[in-house]
file coords-v9.cif (mmCIF, N, CA and C atoms)
data_run
loop_
_atom_site.label_atom_id
_atom_site.label_comp_id
_atom_site.auth_asym_id
_atom_site.auth_seq_id
_atom_site.Cartn_x
_atom_site.Cartn_y
_atom_site.Cartn_z
N GLN A 20 -65.34 -24.35 48.05
CA GLN A 20 -65.53 -23.52 46.87
C GLN A 20 -64.21 -23.42 46.10
N VAL A 21 -64.26 -23.75 44.84
CA VAL A 21 -63.07 -23.71 44.00
C VAL A 21 -62.68 -22.27 43.71
N GLN A 22 -61.42 -21.97 43.88
CA GLN A 22 -60.91 -20.64 43.56
C GLN A 22 -59.62 -20.78 42.77
N LEU A 23 -59.54 -20.05 41.67
CA LEU A 23 -58.35 -20.02 40.84
C LEU A 23 -57.90 -18.58 40.71
N VAL A 24 -56.60 -18.36 40.93
CA VAL A 24 -56.06 -17.01 40.86
C VAL A 24 -54.86 -17.01 39.91
N GLU A 25 -55.01 -16.29 38.81
CA GLU A 25 -53.91 -16.17 37.85
C GLU A 25 -53.01 -15.00 38.21
N SER A 26 -51.74 -15.12 37.85
CA SER A 26 -50.79 -14.04 38.05
C SER A 26 -49.68 -14.19 37.02
N GLY A 27 -48.87 -13.14 36.90
CA GLY A 27 -47.72 -13.19 36.01
C GLY A 27 -47.87 -12.45 34.71
N GLY A 28 -49.05 -11.91 34.47
CA GLY A 28 -49.25 -11.15 33.24
C GLY A 28 -48.53 -9.80 33.30
N GLY A 29 -48.52 -9.12 32.17
CA GLY A 29 -47.87 -7.81 32.12
C GLY A 29 -47.61 -7.39 30.70
N LEU A 30 -46.77 -6.37 30.58
CA LEU A 30 -46.39 -5.82 29.28
C LEU A 30 -45.00 -6.32 28.92
N VAL A 31 -44.86 -6.84 27.71
CA VAL A 31 -43.58 -7.36 27.27
C VAL A 31 -43.41 -7.04 25.79
N GLN A 32 -42.18 -6.89 25.36
CA GLN A 32 -41.91 -6.63 23.95
C GLN A 32 -41.99 -7.94 23.16
N ALA A 33 -42.27 -7.81 21.90
CA ALA A 33 -42.29 -8.98 21.02
C ALA A 33 -40.96 -9.72 21.10
N GLY A 34 -41.04 -11.04 21.17
CA GLY A 34 -39.86 -11.86 21.33
C GLY A 34 -39.53 -12.18 22.77
N GLY A 35 -40.19 -11.51 23.69
CA GLY A 35 -39.94 -11.72 25.10
C GLY A 35 -40.69 -12.91 25.67
N SER A 36 -40.58 -13.05 26.99
CA SER A 36 -41.18 -14.20 27.68
C SER A 36 -41.94 -13.75 28.91
N LEU A 37 -42.92 -14.53 29.27
CA LEU A 37 -43.65 -14.38 30.52
C LEU A 37 -44.00 -15.76 31.05
N ARG A 38 -44.15 -15.86 32.35
CA ARG A 38 -44.60 -17.09 32.97
C ARG A 38 -45.84 -16.80 33.80
N LEU A 39 -46.94 -17.39 33.39
CA LEU A 39 -48.18 -17.24 34.12
C LEU A 39 -48.32 -18.35 35.15
N SER A 40 -48.94 -18.01 36.28
CA SER A 40 -49.22 -19.00 37.32
C SER A 40 -50.72 -19.01 37.59
N CYS A 41 -51.18 -20.16 38.03
CA CYS A 41 -52.59 -20.34 38.39
C CYS A 41 -52.62 -21.08 39.73
N ALA A 42 -52.93 -20.34 40.78
CA ALA A 42 -52.99 -20.93 42.12
C ALA A 42 -54.41 -21.41 42.41
N ALA A 43 -54.54 -22.67 42.76
CA ALA A 43 -55.85 -23.27 42.98
C ALA A 43 -56.08 -23.57 44.45
N SER A 44 -57.32 -23.41 44.88
CA SER A 44 -57.71 -23.76 46.25
C SER A 44 -59.14 -24.25 46.25
N GLY A 45 -59.50 -24.96 47.33
CA GLY A 45 -60.87 -25.45 47.45
C GLY A 45 -61.16 -26.70 46.65
N LEU A 46 -60.12 -27.39 46.20
CA LEU A 46 -60.31 -28.61 45.43
C LEU A 46 -59.09 -29.50 45.57
N THR A 47 -59.26 -30.75 45.21
CA THR A 47 -58.12 -31.66 45.14
C THR A 47 -57.52 -31.50 43.76
N PHE A 48 -56.59 -30.59 43.66
CA PHE A 48 -56.07 -30.12 42.37
C PHE A 48 -55.60 -31.28 41.49
N SER A 49 -54.99 -32.28 42.11
CA SER A 49 -54.40 -33.37 41.35
C SER A 49 -55.43 -34.25 40.65
N THR A 50 -56.71 -34.06 40.93
CA THR A 50 -57.74 -34.86 40.29
C THR A 50 -58.47 -34.10 39.19
N TYR A 51 -57.97 -32.93 38.83
CA TYR A 51 -58.57 -32.09 37.81
C TYR A 51 -57.62 -31.89 36.64
N ALA A 52 -58.15 -31.94 35.43
CA ALA A 52 -57.39 -31.44 34.29
C ALA A 52 -57.37 -29.92 34.37
N MET A 53 -56.32 -29.32 33.84
CA MET A 53 -56.20 -27.87 33.87
C MET A 53 -55.94 -27.34 32.47
N GLY A 54 -56.49 -26.18 32.20
CA GLY A 54 -56.27 -25.59 30.89
C GLY A 54 -56.04 -24.10 30.98
N TRP A 55 -55.40 -23.57 29.95
CA TRP A 55 -55.24 -22.13 29.78
C TRP A 55 -56.01 -21.72 28.53
N PHE A 56 -56.70 -20.63 28.64
CA PHE A 56 -57.49 -20.06 27.55
C PHE A 56 -57.17 -18.58 27.48
N ARG A 57 -57.51 -17.95 26.37
CA ARG A 57 -57.27 -16.51 26.26
C ARG A 57 -58.37 -15.85 25.46
N GLN A 58 -58.54 -14.57 25.72
CA GLN A 58 -59.53 -13.79 24.98
C GLN A 58 -58.92 -12.45 24.61
N ALA A 59 -58.73 -12.27 23.32
CA ALA A 59 -58.19 -11.02 22.81
C ALA A 59 -59.32 -10.00 22.67
N PRO A 60 -58.99 -8.71 22.67
CA PRO A 60 -60.02 -7.68 22.52
C PRO A 60 -60.86 -7.89 21.27
N GLY A 61 -62.16 -7.92 21.45
CA GLY A 61 -63.06 -8.06 20.31
C GLY A 61 -63.17 -9.46 19.74
N LYS A 62 -62.56 -10.42 20.40
CA LYS A 62 -62.59 -11.80 19.89
C LYS A 62 -63.18 -12.74 20.92
N GLU A 63 -63.52 -13.93 20.48
CA GLU A 63 -64.05 -14.93 21.39
C GLU A 63 -62.90 -15.59 22.17
N ARG A 64 -63.26 -16.14 23.31
CA ARG A 64 -62.29 -16.86 24.11
C ARG A 64 -61.85 -18.11 23.35
N GLU A 65 -60.56 -18.44 23.43
CA GLU A 65 -60.05 -19.59 22.70
C GLU A 65 -59.15 -20.44 23.58
N PHE A 66 -59.05 -21.69 23.21
CA PHE A 66 -58.20 -22.64 23.90
C PHE A 66 -56.74 -22.34 23.61
N VAL A 67 -55.88 -22.48 24.64
CA VAL A 67 -54.45 -22.30 24.46
C VAL A 67 -53.70 -23.61 24.73
N ALA A 68 -53.92 -24.20 25.90
CA ALA A 68 -53.20 -25.42 26.26
C ALA A 68 -53.95 -26.13 27.38
N SER A 69 -53.74 -27.44 27.49
CA SER A 69 -54.33 -28.20 28.58
C SER A 69 -53.38 -29.30 29.00
N ILE A 70 -53.56 -29.75 30.25
CA ILE A 70 -52.69 -30.75 30.83
C ILE A 70 -53.52 -31.67 31.72
N SER A 71 -53.25 -32.94 31.67
CA SER A 71 -54.01 -33.91 32.44
C SER A 71 -53.57 -33.93 33.90
N TRP A 72 -54.27 -34.73 34.70
CA TRP A 72 -54.07 -34.74 36.15
C TRP A 72 -52.60 -34.90 36.53
N LEU A 73 -51.94 -35.87 35.93
CA LEU A 73 -50.57 -36.20 36.30
C LEU A 73 -49.58 -35.80 35.21
N SER A 74 -50.00 -34.85 34.37
CA SER A 74 -49.13 -34.29 33.33
C SER A 74 -48.77 -35.28 32.24
N ALA A 75 -49.49 -36.38 32.14
CA ALA A 75 -49.16 -37.38 31.13
C ALA A 75 -49.60 -36.95 29.74
N ASN A 76 -50.66 -36.16 29.66
CA ASN A 76 -51.21 -35.73 28.37
C ASN A 76 -51.26 -34.21 28.32
N ILE A 77 -50.73 -33.67 27.25
CA ILE A 77 -50.66 -32.21 27.07
C ILE A 77 -51.07 -31.88 25.64
N TYR A 78 -51.83 -30.82 25.51
CA TYR A 78 -52.30 -30.37 24.20
C TYR A 78 -52.09 -28.86 24.07
N TYR A 79 -51.81 -28.44 22.85
CA TYR A 79 -51.61 -27.01 22.56
C TYR A 79 -52.41 -26.61 21.33
N ALA A 80 -52.84 -25.37 21.33
CA ALA A 80 -53.37 -24.79 20.11
C ALA A 80 -52.23 -24.64 19.12
N ASP A 81 -52.53 -24.77 17.85
CA ASP A 81 -51.48 -24.67 16.82
C ASP A 81 -50.76 -23.33 16.89
N SER A 82 -51.47 -22.29 17.27
CA SER A 82 -50.89 -20.95 17.27
C SER A 82 -49.80 -20.75 18.32
N VAL A 83 -49.76 -21.63 19.32
CA VAL A 83 -48.76 -21.46 20.39
C VAL A 83 -47.79 -22.63 20.47
N LYS A 84 -48.03 -23.66 19.68
CA LYS A 84 -47.19 -24.85 19.73
C LYS A 84 -45.74 -24.49 19.44
N GLY A 85 -44.84 -24.99 20.28
CA GLY A 85 -43.42 -24.71 20.12
C GLY A 85 -42.95 -23.44 20.81
N ARG A 86 -43.90 -22.63 21.28
CA ARG A 86 -43.54 -21.38 21.96
C ARG A 86 -44.00 -21.38 23.43
N PHE A 87 -45.13 -22.01 23.69
CA PHE A 87 -45.69 -22.06 25.04
C PHE A 87 -45.52 -23.44 25.63
N THR A 88 -45.36 -23.49 26.96
CA THR A 88 -45.26 -24.76 27.67
C THR A 88 -46.16 -24.72 28.90
N ILE A 89 -47.07 -25.68 28.98
CA ILE A 89 -47.94 -25.79 30.14
C ILE A 89 -47.35 -26.82 31.09
N SER A 90 -47.49 -26.56 32.38
CA SER A 90 -47.01 -27.50 33.39
C SER A 90 -47.83 -27.32 34.65
N ARG A 91 -47.62 -28.22 35.59
CA ARG A 91 -48.33 -28.12 36.86
C ARG A 91 -47.49 -28.73 37.97
N ASP A 92 -47.71 -28.23 39.18
CA ASP A 92 -47.08 -28.77 40.38
C ASP A 92 -48.21 -29.09 41.35
N ASN A 93 -48.62 -30.34 41.38
CA ASN A 93 -49.77 -30.71 42.21
C ASN A 93 -49.49 -30.53 43.70
N ALA A 94 -48.23 -30.65 44.09
CA ALA A 94 -47.89 -30.46 45.50
C ALA A 94 -48.12 -29.01 45.93
N LYS A 95 -48.02 -28.09 44.97
CA LYS A 95 -48.22 -26.67 45.26
C LYS A 95 -49.59 -26.18 44.81
N ASN A 96 -50.42 -27.08 44.28
CA ASN A 96 -51.74 -26.70 43.77
C ASN A 96 -51.64 -25.54 42.78
N THR A 97 -50.66 -25.61 41.92
CA THR A 97 -50.39 -24.50 41.00
C THR A 97 -50.12 -25.02 39.60
N GLY A 98 -50.65 -24.31 38.62
CA GLY A 98 -50.36 -24.58 37.23
C GLY A 98 -49.62 -23.42 36.62
N TYR A 99 -48.94 -23.68 35.51
CA TYR A 99 -48.10 -22.66 34.90
C TYR A 99 -48.27 -22.65 33.38
N LEU A 100 -47.97 -21.51 32.81
CA LEU A 100 -47.89 -21.38 31.36
C LEU A 100 -46.66 -20.54 31.05
N GLN A 101 -45.62 -21.19 30.56
CA GLN A 101 -44.42 -20.49 30.14
C GLN A 101 -44.61 -20.05 28.70
N MET A 102 -44.49 -18.76 28.46
CA MET A 102 -44.73 -18.21 27.13
C MET A 102 -43.44 -17.57 26.62
N ASN A 103 -42.90 -18.13 25.57
CA ASN A 103 -41.68 -17.62 24.95
C ASN A 103 -41.96 -17.10 23.54
N SER A 104 -41.03 -16.34 23.02
CA SER A 104 -41.16 -15.80 21.66
C SER A 104 -42.53 -15.16 21.44
N LEU A 105 -42.91 -14.33 22.38
CA LEU A 105 -44.25 -13.73 22.33
C LEU A 105 -44.40 -12.82 21.12
N LYS A 106 -45.62 -12.80 20.59
CA LYS A 106 -45.97 -12.00 19.44
C LYS A 106 -47.09 -11.04 19.81
N PRO A 107 -47.22 -9.95 19.10
CA PRO A 107 -48.32 -9.02 19.40
C PRO A 107 -49.69 -9.70 19.37
N GLU A 108 -49.86 -10.69 18.52
CA GLU A 108 -51.14 -11.40 18.45
C GLU A 108 -51.41 -12.30 19.66
N ASP A 109 -50.43 -12.41 20.56
CA ASP A 109 -50.66 -13.13 21.82
C ASP A 109 -51.30 -12.24 22.87
N THR A 110 -51.44 -10.95 22.56
CA THR A 110 -52.07 -10.03 23.49
C THR A 110 -53.50 -10.46 23.79
N ALA A 111 -53.81 -10.64 25.08
CA ALA A 111 -55.12 -11.13 25.47
C ALA A 111 -55.20 -11.19 26.99
N VAL A 112 -56.39 -11.44 27.49
CA VAL A 112 -56.56 -11.83 28.88
C VAL A 112 -56.45 -13.35 28.93
N TYR A 113 -55.59 -13.85 29.79
CA TYR A 113 -55.36 -15.28 29.90
C TYR A 113 -56.08 -15.81 31.14
N TYR A 114 -56.82 -16.89 30.94
CA TYR A 114 -57.58 -17.51 32.01
C TYR A 114 -57.12 -18.95 32.22
N CYS A 115 -57.08 -19.37 33.46
CA CYS A 115 -56.90 -20.79 33.72
C CYS A 115 -58.25 -21.38 34.13
N ALA A 116 -58.40 -22.65 33.87
CA ALA A 116 -59.62 -23.36 34.20
C ALA A 116 -59.28 -24.78 34.61
N VAL A 117 -60.12 -25.35 35.45
CA VAL A 117 -59.98 -26.75 35.84
C VAL A 117 -61.32 -27.44 35.64
N ASP A 118 -61.26 -28.73 35.40
CA ASP A 118 -62.49 -29.49 35.21
C ASP A 118 -62.20 -30.96 35.44
N ARG A 119 -63.23 -31.67 35.89
CA ARG A 119 -63.10 -33.11 36.10
C ARG A 119 -63.34 -33.81 34.77
N THR A 120 -62.38 -33.68 33.90
CA THR A 120 -62.48 -34.24 32.56
C THR A 120 -61.07 -34.55 32.08
N THR A 121 -60.93 -34.82 30.80
CA THR A 121 -59.62 -35.11 30.26
C THR A 121 -59.00 -33.86 29.66
N ALA A 122 -57.70 -33.87 29.53
CA ALA A 122 -57.02 -32.75 28.89
C ALA A 122 -57.48 -32.61 27.44
N GLN A 123 -57.74 -33.72 26.79
CA GLN A 123 -58.20 -33.66 25.40
C GLN A 123 -59.58 -33.01 25.33
N ALA A 124 -60.46 -33.34 26.26
CA ALA A 124 -61.80 -32.75 26.27
C ALA A 124 -61.72 -31.24 26.50
N MET A 125 -60.73 -30.79 27.23
CA MET A 125 -60.60 -29.35 27.49
C MET A 125 -60.28 -28.58 26.22
N THR A 126 -59.72 -29.25 25.23
CA THR A 126 -59.39 -28.56 23.98
C THR A 126 -60.65 -28.06 23.26
N ARG A 127 -61.77 -28.70 23.50
CA ARG A 127 -63.02 -28.30 22.84
C ARG A 127 -64.09 -27.92 23.87
N MET A 128 -63.68 -27.65 25.09
CA MET A 128 -64.62 -27.37 26.16
C MET A 128 -65.48 -26.15 25.86
N LEU A 129 -64.90 -25.13 25.25
CA LEU A 129 -65.64 -23.90 25.02
C LEU A 129 -66.81 -24.11 24.07
N SER A 130 -66.64 -24.99 23.09
CA SER A 130 -67.71 -25.22 22.12
C SER A 130 -68.62 -26.37 22.54
N ALA A 131 -68.02 -27.43 23.10
CA ALA A 131 -68.79 -28.63 23.42
C ALA A 131 -69.54 -28.50 24.74
N ARG A 132 -68.94 -27.84 25.72
CA ARG A 132 -69.56 -27.74 27.04
C ARG A 132 -69.39 -26.34 27.59
N PRO A 133 -69.99 -25.36 26.93
CA PRO A 133 -69.86 -23.97 27.41
C PRO A 133 -70.40 -23.83 28.81
N GLY A 134 -69.70 -23.08 29.61
CA GLY A 134 -70.12 -22.87 30.98
C GLY A 134 -69.62 -23.90 31.96
N SER A 135 -68.93 -24.91 31.48
CA SER A 135 -68.43 -25.96 32.37
C SER A 135 -67.09 -25.56 32.97
N GLY A 136 -66.69 -26.27 34.00
CA GLY A 136 -65.42 -26.03 34.64
C GLY A 136 -65.45 -24.85 35.60
N SER A 137 -64.34 -24.67 36.28
CA SER A 137 -64.15 -23.54 37.18
C SER A 137 -63.06 -22.66 36.61
N TRP A 138 -63.26 -21.34 36.69
CA TRP A 138 -62.40 -20.39 36.00
C TRP A 138 -61.85 -19.34 36.95
N GLY A 139 -60.66 -18.86 36.61
CA GLY A 139 -60.12 -17.72 37.31
C GLY A 139 -60.60 -16.43 36.69
N GLN A 140 -60.13 -15.32 37.24
CA GLN A 140 -60.56 -14.00 36.79
C GLN A 140 -59.72 -13.48 35.63
N GLY A 141 -58.60 -14.12 35.38
CA GLY A 141 -57.79 -13.75 34.23
C GLY A 141 -56.64 -12.81 34.58
N THR A 142 -55.62 -12.84 33.74
CA THR A 142 -54.48 -11.93 33.87
C THR A 142 -54.16 -11.38 32.49
N HIS A 143 -53.88 -10.08 32.43
CA HIS A 143 -53.67 -9.42 31.15
C HIS A 143 -52.24 -9.61 30.66
N VAL A 144 -52.12 -9.93 29.40
CA VAL A 144 -50.83 -10.01 28.73
C VAL A 144 -50.87 -9.08 27.53
N THR A 145 -49.91 -8.17 27.48
CA THR A 145 -49.81 -7.24 26.35
C THR A 145 -48.43 -7.37 25.75
N VAL A 146 -48.39 -7.65 24.46
CA VAL A 146 -47.13 -7.80 23.74
C VAL A 146 -47.01 -6.65 22.75
N SER A 147 -46.01 -5.83 22.95
CA SER A 147 -45.82 -4.67 22.06
C SER A 147 -44.89 -5.03 20.91
N SER A 148 -45.13 -4.39 19.80
CA SER A 148 -44.31 -4.68 18.60
C SER A 148 -43.09 -3.80 18.54
#
call {"tool": "encode", "arguments": {"input": "coords-v9.cif", "output": "structure tokens"}}
result
Amino acid sequence: QVQLVESGGGLVQAGGSLRLSCAASGLTFSTYAMGWFRQAPGKEREFVASISWLSANIYYADSVKGRFTISRDNAKNTGYLQMNSLKPEDTAVYYCAVDRTTAQAMTRMLSARPGSGSWGQGTHVTVSS
């Protein structure tokens, strides 16, 4: 059974940084693309970033490009999202997900294949102004 556990969320001032982690178990992590998504209060869940099996392909939402960095350590079965220069509009619950697909496909997974993939329970990020 696939299990994903996010951690690293919290309260931070605007301009600050956080590093989220996603610990995976119950799967061969290195054979899955991984993505980060977020859902702000009152809004739909949206794509943030995705990374391919061996980190060769990486994609970002325009809203986080240049500020966030996705990475993974397959030896540790863990993925990461380094978030710098945080803004109040980054406030959301952040979820990691894995799927046997491409990193590019994960960019549109929510609209093209809703309900697909395996998801964590999320970690809260609050950015104060």
call {"tool": "atom_distance", "arguments": {"input": "coords-v9.cif", "atom1": "atom N of Leu129 in chain A", "atom2": "atom N of Phe66 in chain A"}}
result
7.1 Å
call {"tool": "resolve_selection", "arguments": {"input": "coords-v9.cif", "expression": "the PyMOL selection byres (((chain A and resi 64 and name CA) around 12) and name CA)", "output": "count of residues only"}}
result
23
call {"tool": "closest_residue", "arguments": {"input": "coords-v9.cif", "among": "A:Arg38, A:Arg86, A:Lys106, A:Arg91", "to": "Gly54 in chain A", "atoms": "only C-alpha atoms"}}
result
A:Arg91
call {"tool": "resolve_selection", "arguments": {"input": "coords-v9.cif", "expression": "the PyMOL selection byres ((chain A and resi 48) around 8)", "output": "PyMOL selection string"}}
result
chain A and resi 43-47+49-53+72+92-97
call {"tool": "closest_residue", "arguments": {"input": "coords-v9.cif", "among": "A:Gln140, A:Thr88, A:Ser69, A:Ser147", "to": "Met125 in chain A", "atoms": "only N, CA and C atoms"}}
result
A:Ser69
call {"tool": "resolve_selection", "arguments": {"input": "coords-v9.cif", "expression": "the PyMOL selection byres ((chain A and resi 109) around 6.5)", "output": "ChimeraX atom specification"}}
result
/A:105-108,110-111,144-146
call {"tool": "atom_distance", "arguments": {"input": "coords-v9.cif", "atom1": "CA of Ser36 in chain A", "atom2": "CA of Ile77 in chain A"}}
result
20.4 Å
call {"tool": "closest_residue", "arguments": {"input": "coords-v9.cif", "among": "A:Thr121, A:Asn103, A:Ser148, A:Ser137", "to": "Leu23 in chain A", "atoms": "all atoms listed in the file"}}
result
A:Ser137
call {"tool": "build_atoms", "arguments": {"input": "coords-v9.cif", "residues": "range 133-144 of chain A", "atoms": "all heavy atoms", "output": "PDB file, in the coordinates of the input"}}
result
ATOM      1  N   PRO A 133     -69.990 -25.360  26.930  1.00  0.00           N
ATOM      2  CA  PRO A 133     -69.860 -23.970  27.410  1.00  0.00           C
ATOM      3  C   PRO A 133     -70.400 -23.830  28.810  1.00  0.00           C
ATOM      4  O   PRO A 133     -71.411 -24.421  29.159  1.00  0.00           O
ATOM      5  CB  PRO A 133     -70.686 -23.177  26.391  1.00  0.00           C
ATOM      6  CG  PRO A 133     -71.619 -24.167  25.790  1.00  0.00           C
ATOM      7  CD  PRO A 133     -70.887 -25.470  25.759  1.00  0.00           C
ATOM      8  N   GLY A 134     -69.700 -23.080  29.610  1.00  0.00           N
ATOM      9  CA  GLY A 134     -70.120 -22.870  30.980  1.00  0.00           C
ATOM     10  C   GLY A 134     -69.620 -23.900  31.960  1.00  0.00           C
ATOM     11  O   GLY A 134     -69.860 -23.797  33.156  1.00  0.00           O
ATOM     12  N   SER A 135     -68.930 -24.910  31.480  1.00  0.00           N
ATOM     13  CA  SER A 135     -68.430 -25.960  32.370  1.00  0.00           C
ATOM     14  C   SER A 135     -67.090 -25.560  32.970  1.00  0.00           C
ATOM     15  O   SER A 135     -66.433 -24.612  32.517  1.00  0.00           O
ATOM     16  CB  SER A 135     -68.289 -27.271  31.599  1.00  0.00           C
ATOM     17  OG  SER A 135     -67.347 -27.133  30.563  1.00  0.00           O
ATOM     18  N   GLY A 136     -66.690 -26.270  34.000  1.00  0.00           N
ATOM     19  CA  GLY A 136     -65.420 -26.030  34.640  1.00  0.00           C
ATOM     20  C   GLY A 136     -65.450 -24.850  35.600  1.00  0.00           C
ATOM     21  O   GLY A 136     -66.439 -24.125  35.705  1.00  0.00           O
ATOM     22  N   SER A 137     -64.340 -24.670  36.280  1.00  0.00           N
ATOM     23  CA  SER A 137     -64.150 -23.540  37.180  1.00  0.00           C
ATOM     24  C   SER A 137     -63.060 -22.660  36.610  1.00  0.00           C
ATOM     25  O   SER A 137     -62.045 -23.169  36.125  1.00  0.00           O
ATOM     26  CB  SER A 137     -63.758 -24.014  38.571  1.00  0.00           C
ATOM     27  OG  SER A 137     -64.782 -24.801  39.130  1.00  0.00           O
ATOM     28  N   TRP A 138     -63.260 -21.340  36.690  1.00  0.00           N
ATOM     29  CA  TRP A 138     -62.400 -20.390  36.000  1.00  0.00           C
ATOM     30  C   TRP A 138     -61.850 -19.340  36.950  1.00  0.00           C
ATOM     31  O   TRP A 138     -62.496 -18.957  37.927  1.00  0.00           O
ATOM     32  CB  TRP A 138     -63.201 -19.677  34.903  1.00  0.00           C
ATOM     33  CG  TRP A 138     -63.634 -20.575  33.800  1.00  0.00           C
ATOM     34  CD1 TRP A 138     -64.672 -21.460  33.811  1.00  0.00           C
ATOM     35  CD2 TRP A 138     -63.027 -20.685  32.512  1.00  0.00           C
ATOM     36  NE1 TRP A 138     -64.753 -22.123  32.608  1.00  0.00           N
ATOM     37  CE2 TRP A 138     -63.755 -21.653  31.789  1.00  0.00           C
ATOM     38  CE3 TRP A 138     -61.952 -20.060  31.888  1.00  0.00           C
ATOM     39  CZ2 TRP A 138     -63.431 -22.016  30.471  1.00  0.00           C
ATOM     40  CZ3 TRP A 138     -61.641 -20.409  30.583  1.00  0.00           C
ATOM     41  CH2 TRP A 138     -62.366 -21.382  29.892  1.00  0.00           C
ATOM     42  N   GLY A 139     -60.660 -18.860  36.610  1.00  0.00           N
ATOM     43  CA  GLY A 139     -60.120 -17.720  37.310  1.00  0.00           C
ATOM     44  C   GLY A 139     -60.600 -16.430  36.690  1.00  0.00           C
ATOM     45  O   GLY A 139     -61.370 -16.438  35.718  1.00  0.00           O
ATOM     46  N   GLN A 140     -60.130 -15.320  37.240  1.00  0.00           N
ATOM     47  CA  GLN A 140     -60.560 -14.000  36.790  1.00  0.00           C
ATOM     48  C   GLN A 140     -59.720 -13.480  35.630  1.00  0.00           C
ATOM     49  O   GLN A 140     -60.091 -12.497  34.981  1.00  0.00           O
ATOM     50  CB  GLN A 140     -60.514 -13.009  37.940  1.00  0.00           C
ATOM     51  CG  GLN A 140     -61.535 -13.296  39.028  1.00  0.00           C
ATOM     52  CD  GLN A 140     -62.951 -13.274  38.485  1.00  0.00           C
ATOM     53  OE1 GLN A 140     -63.393 -12.306  37.883  1.00  0.00           O
ATOM     54  NE2 GLN A 140     -63.689 -14.368  38.688  1.00  0.00           N
ATOM     55  N   GLY A 141     -58.600 -14.120  35.380  1.00  0.00           N
ATOM     56  CA  GLY A 141     -57.790 -13.750  34.230  1.00  0.00           C
ATOM     57  C   GLY A 141     -56.640 -12.810  34.580  1.00  0.00           C
ATOM     58  O   GLY A 141     -56.680 -12.088  35.582  1.00  0.00           O
ATOM     59  N   THR A 142     -55.620 -12.840  33.740  1.00  0.00           N
ATOM     60  CA  THR A 142     -54.480 -11.930  33.870  1.00  0.00           C
ATOM     61  C   THR A 142     -54.160 -11.380  32.490  1.00  0.00           C
ATOM     62  O   THR A 142     -54.188 -12.114  31.498  1.00  0.00           O
ATOM     63  CB  THR A 142     -53.267 -12.647  34.496  1.00  0.00           C
ATOM     64  OG1 THR A 142     -52.208 -11.716  34.710  1.00  0.00           O
ATOM     65  CG2 THR A 142     -52.757 -13.781  33.626  1.00  0.00           C
ATOM     66  N   HIS A 143     -53.880 -10.080  32.430  1.00  0.00           N
ATOM     67  CA  HIS A 143     -53.670  -9.420  31.150  1.00  0.00           C
ATOM     68  C   HIS A 143     -52.240  -9.610  30.660  1.00  0.00           C
ATOM     69  O   HIS A 143     -51.276  -9.419  31.408  1.00  0.00           O
ATOM     70  CB  HIS A 143     -53.950  -7.927  31.283  1.00  0.00           C
ATOM     71  CG  HIS A 143     -55.389  -7.602  31.479  1.00  0.00           C
ATOM     72  ND1 HIS A 143     -56.201  -7.119  30.462  1.00  0.00           N
ATOM     73  CD2 HIS A 143     -56.195  -7.703  32.559  1.00  0.00           C
ATOM     74  CE1 HIS A 143     -57.419  -6.929  30.917  1.00  0.00           C
ATOM     75  NE2 HIS A 143     -57.454  -7.277  32.187  1.00  0.00           N
ATOM     76  N   VAL A 144     -52.120  -9.930  29.400  1.00  0.00           N
ATOM     77  CA  VAL A 144     -50.830 -10.010  28.730  1.00  0.00           C
ATOM     78  C   VAL A 144     -50.870  -9.080  27.530  1.00  0.00           C
ATOM     79  O   VAL A 144     -51.757  -9.205  26.680  1.00  0.00           O
ATOM     80  CB  VAL A 144     -50.527 -11.451  28.283  1.00  0.00           C
ATOM     81  CG1 VAL A 144     -49.272 -11.483  27.412  1.00  0.00           C
ATOM     82  CG2 VAL A 144     -50.358 -12.368  29.495  1.00  0.00           C
TER      83      VAL A 144
END
